[in-house]
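One structure is given below, encoded as structure tokens.
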Amino acid sequence: MGALACPGLILFTWLTAHCSHPQAKGFSQEGLDASRADLWASANTSFLQDFWCQPASQLSRDQLSALIRRMASQQMLLKAWQLSCLANLAARHGLQGDFLLHPPNLLLFYNLGKIRGADCRAFIRRAAQGDTELLANLPDQRATLQRSALACLGVPHLRLSTSDLLLLGVLVCDMDASTIVTSDPHVLQNLQRCPRLTPAQKAALNTLLASGRTMLGPPICWNLEGLQALGLLATYISSSLWMQVQEAVGLDFFGSMVAACRAGRLSQRDARRFVTSFLEAKAKSMSSRPKRDAGRPCVQGHITAATLQDDLFLVHYDCSQLESCLGSLVLRANLNPLLQHPLPSECQRVIKAKLARIYPNGVPEEQLRLITSLIYLYSHLEISQWNITSKDTVRDLLASDVALENQTEAILQKFLDHRGNITSTLLEAIGGSRLCWMSPQQIQAIQPSEFRQARALDISSCPQSRKDVLYSKAREAFSNARTTASYYHLIRPYLGGAPMEELQHLAQTNVSMDIHTFTNLNPQVLQSLSVHNVTTLLGQNVGDLQKARSHPTISSWLRSLNRSALGELGLDMDPASPTGLVPSTTGTHNDPWTSHPAATSGRPENDAPTAGSPPAHLGCLPLAVALPSSLLWLLYQGTLGPGWACSQGTCTVASEDSAALEGRAGRQPKPRTKN
């Protein structure tokens, strides 16, 4: 056999050898023989990153437990679609009771009603280390998690204590703004873990800081060390508070923030939020002085290369002085150091206008890669004057988080006009959200081979019209997949544009679609699916409808069903509910935790098969059943061609050996091709 550098093919051949023997234990209920290498438990990070639930459902309880524990030890960052179905597999095998050995992100998806009340604090403490943004498509699960956390504390808390906050961790990020104001000042440590603050939370943060109850004291007493300890929270401080801070302290902190931004330790977006607020306070404090207008002569001194190295540059030169004191020669020679400063939007417009005077026929390509922070200011017409010949220029321009729809389409078009082509590498650099802003014609220009070689792209944020086009392109690229299972694995990220016929076909093939993918389906197409279609499409994940029933797409579909159909899904009508629905549960609303002992060992609590999914036969079956070829897609992601050559070059198998393996694994029907 040829070289086997792929862990997946190693596992495949190992299971071939041991499960083909009548007495083999490789796939028995007891799990892998202790004397043999457990490849799941020793898998490396890149191997586990491609985890896929459908073939993983073939694993025994012990194998799945070892896999989950390995993910925890490797600190794997799986995506929401992987975690939701993995949580269901864990529940199916009764593994939820071992939550202390599981990844925190996985706990966010667990059915809290299956966790003992006595374990609630330990569970919440572990889950609170996770990323609640993963529950973006499961609003009811997210709300239940917060409600359950407060219930675990004993009574509804108007003021969270230090110990409460230590327990809640990142869950505080979903709390009301009023809770932030009334809680112990240690709430600042929790808020530092929030990816962003809502306007109401920002206002609450400033109210708490202004009260003087925090370790910083009142604003007049703030010092550099205290402000730096706030981390990103300092970027949300209002201008009214900055006016109360001692000038020397404020300037020292300003310089440290700009230095961090110029060194790449702080994003331009966060730094600009801080700089805008700080300079607004400075402008208010000088409001009694004569206001400079754009035509006022330079009074601060002409800007030089040395001036731009000063971290307090923006304090000394407001936007009007930037207009008056920055010469064309200095700008042309020092564009990069200038734009490393987090310029307020008004100052950015000053720079754009100066560049237009320097380059009346369009900014040259060598300078384009330096103005990524200004891209959002350029119109389609202005971009049409540019000369874009390098994919590196495209990548740099679109890597910025400020490029908008019109800019993205125009930049790509200029590149394509110069005989450029969109490669798999460029597709990955552009990212899924940028694909949303490509024109249908640009998407059609992507070669299927490049689409196949690119990693899966997240297009969930795209408008429906773009999802439809991207699905068509993906189907063109992946229609030759060897099996339905491998086809589904490849097409899954793009099913948001799939027609009803495609979803009905997939429902017949037992794909067990995860709830994350389901919530991103075309809402109009979903309305045409029957309850039977949905239950068979979701398979063992059908129970996740309860966790997402308030999601707009799910809620709209559920409203179209009668009470009988809702009962089939385990949901009941509730006129008082915002969605008109409430889950059918055995627990009470106020106490979601159960008093029964959790199953931590032995067989699962419920051996009955989940609706829409056949029971898993864990004994050692013939290889064609125990190890369907779909398992290979868990072990290695990519379309396996006739010669079994991995697209990333990590493994190769001679064609004659691949034929033998193919004969053992068996074949599954190809996905239906639409005319």
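Chain labels run A, B, ... following the order of the structure tokens; each chain numbers its residues from 1, and ligands are numbered from 1 in the order shown.
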*Could you pull the residues within 10 Å of Pro199 (chain A), counting only C-alpha atoms, minus those fewer than 5 positions along the same chain, as a PyMOL selection string?*
chain A and resi 177+204-205+236
Per residue of region 513-547 of chain A within 12 Å of region 86-98 of chain A, what are the shortest atom pair and its distance in Å to one decimal, counting only C-alpha atoms, with rows by chain and residue number, as a tab-separated table?
residue	atom	partner	partner_atom	distance
A:Met513	CA	A:Asn88	CA	11.9
A:Asp514	CA	A:Leu86	CA	9.5
A:Ile515	CA	A:Asn88	CA	10.9
A:Leu538	CA	A:Asn88	CA	11.6
A:Gly539	CA	A:Asn88	CA	10.8
A:Gln540	CA	A:Asn88	CA	7.3
A:Asn541	CA	A:Asn88	CA	6.7
A:Val542	CA	A:Asn88	CA	9.7
A:Gly543	CA	A:Asn88	CA	8.8
A:Asp544	CA	A:Asn88	CA	8.7
*Which residues come within 8 Å of region 227-231 of chain A, counting only C-alpha atoms, excluding same-chain residues fewer than 6 positions away, as a list in words?*
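Contacts, in chain order: Leu188, Gln192, Leu216 and Phe253 of chain A.
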*In region 370-503 of chain A, DSSP alpha helix (DSSP H) residues written as an NGL selection string*: :A and (380-383 or 391-399 or 405-417 or 424-430 or 432-435 or 440-444 or 448-453 or 464-478 or 484-491 or 500-503)
*asked:* Applying 12 Å and only C-alpha atoms, which residues near Thr132 (chain A) remain after dropping the ones on its own chain fewer than 5 positions away? List them as a PyMOL selection string.
replied: chain A and resi 79-80+104-109+127+137-139+141-143+145-146+168-174+193-196
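Residues lying within 8 Å of Cys319 (chain A), counting only C-alpha atoms and ignoring same-chain neighbours fewer than 6 positions away, are A:Glu346, A:Cys347, A:Val350.
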With only C-alpha atoms as the counted atoms, please give the residues lying no more than 8 Å from region 426-428 of chain A, apart from itself and same-chain residues fewer than 5 positions off, as a CSV table (one decimal) with all heavy atoms, in the first residue's frame.
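Output file around27.csv follows:
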chain,number,residue,atom,x,y,z
A,391,LYS,N,-3.5,39.5,-6.9
A,391,LYS,CA,-4.5,39.0,-5.9
A,391,LYS,C,-4.1,39.4,-4.5
A,391,LYS,O,-5.0,39.4,-3.6
A,391,LYS,CB,-4.6,37.4,-6.0
A,391,LYS,CG,-3.3,36.7,-5.7
A,391,LYS,CD,-3.5,35.2,-5.8
A,391,LYS,CE,-2.3,34.4,-5.5
A,391,LYS,NZ,-1.2,34.6,-6.5
A,395,ARG,N,-6.6,40.8,-1.7
A,395,ARG,CA,-6.7,40.2,-0.4
A,395,ARG,C,-6.5,41.3,0.7
A,395,ARG,O,-7.3,41.4,1.7
A,395,ARG,CB,-5.6,39.2,-0.2
A,395,ARG,CG,-5.6,38.5,1.1
A,395,ARG,CD,-4.3,37.7,1.3
A,395,ARG,NE,-3.2,38.7,1.3
A,395,ARG,CZ,-1.9,38.4,0.8
A,395,ARG,NH1,-1.7,37.2,0.3
A,395,ARG,NH2,-1.0,39.3,0.8
A,451,PHE,N,-13.5,26.1,-6.3
A,451,PHE,CA,-14.5,26.0,-5.3
A,451,PHE,C,-14.3,24.8,-4.5
A,451,PHE,O,-14.4,24.7,-3.3
A,451,PHE,CB,-15.9,26.1,-5.9
A,451,PHE,CG,-16.9,26.7,-5.0
A,451,PHE,CD1,-17.1,28.1,-5.1
A,451,PHE,CD2,-17.6,26.0,-4.1
A,451,PHE,CE1,-18.1,28.7,-4.3
A,451,PHE,CE2,-18.6,26.6,-3.3
A,451,PHE,CZ,-18.8,28.0,-3.4
A,454,ALA,N,-11.2,25.1,-2.0
A,454,ALA,CA,-11.3,26.0,-0.9
A,454,ALA,C,-11.9,25.3,0.3
A,454,ALA,O,-12.7,24.4,0.1
A,454,ALA,CB,-12.1,27.2,-1.3
A,455,ARG,N,-11.6,25.8,1.5
A,455,ARG,CA,-12.2,25.3,2.7
A,455,ARG,C,-13.7,25.7,2.7
A,455,ARG,O,-14.1,26.7,2.0
A,455,ARG,CB,-11.5,25.8,3.9
A,455,ARG,CG,-10.1,25.3,4.1
A,455,ARG,CD,-9.6,25.7,5.5
A,455,ARG,NE,-9.6,27.1,5.7
A,455,ARG,CZ,-8.5,27.8,5.5
A,455,ARG,NH1,-7.4,27.3,5.1
A,455,ARG,NH2,-8.5,29.1,5.7
A,457,LEU,N,-16.9,27.6,3.3
A,457,LEU,CA,-17.1,29.1,3.5
A,457,LEU,C,-18.5,29.3,4.2
A,457,LEU,O,-19.5,28.7,3.8
A,457,LEU,CB,-17.0,29.8,2.2
A,457,LEU,CG,-15.7,29.6,1.5
A,457,LEU,CD1,-15.8,30.2,0.0
A,457,LEU,CD2,-14.6,30.4,2.2
*asked:* If we count only C-alpha atoms and set the cut-off at 9 Å, which residues sit around Asp140 (chain A), ignoring sequence neighbours fewer than 3 positions away in its own chain? Please answer as a list in words.
replied: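 That gives Leu135, Asn137, Ala143, Thr144, Leu145, Gln546, Lys547, Ala548, Arg549, Ser550 and His551 of chain A.
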*Using CA of Ala485 (chain A) and CA of Ala507 (chain A) as the two end points, give the distance in Å to one decimal.*
11.9 Å
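Among the candidates A:Leu370, A:Leu355, A:Leu134, A:Met286, the residue lying nearest to His516 (chain A) is A:Leu134 (atoms considered: only C-alpha atoms).
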_Can you measure CA of Lys414 (chain A) to CA of Ser384 (chain A) for me? One decimal in Å is fine._
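Rounded to one decimal, the two atoms are 6.8 Å apart.
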*Between A:Pro218, A:Ile124, A:Arg213, A:Met175, which has the minimum distance to Ala200 (chain A) (counting only C-alpha atoms)?*
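Once distances to Ala200 (chain A) are computed over only C-alpha atoms, the minimum belongs to A:Met175.
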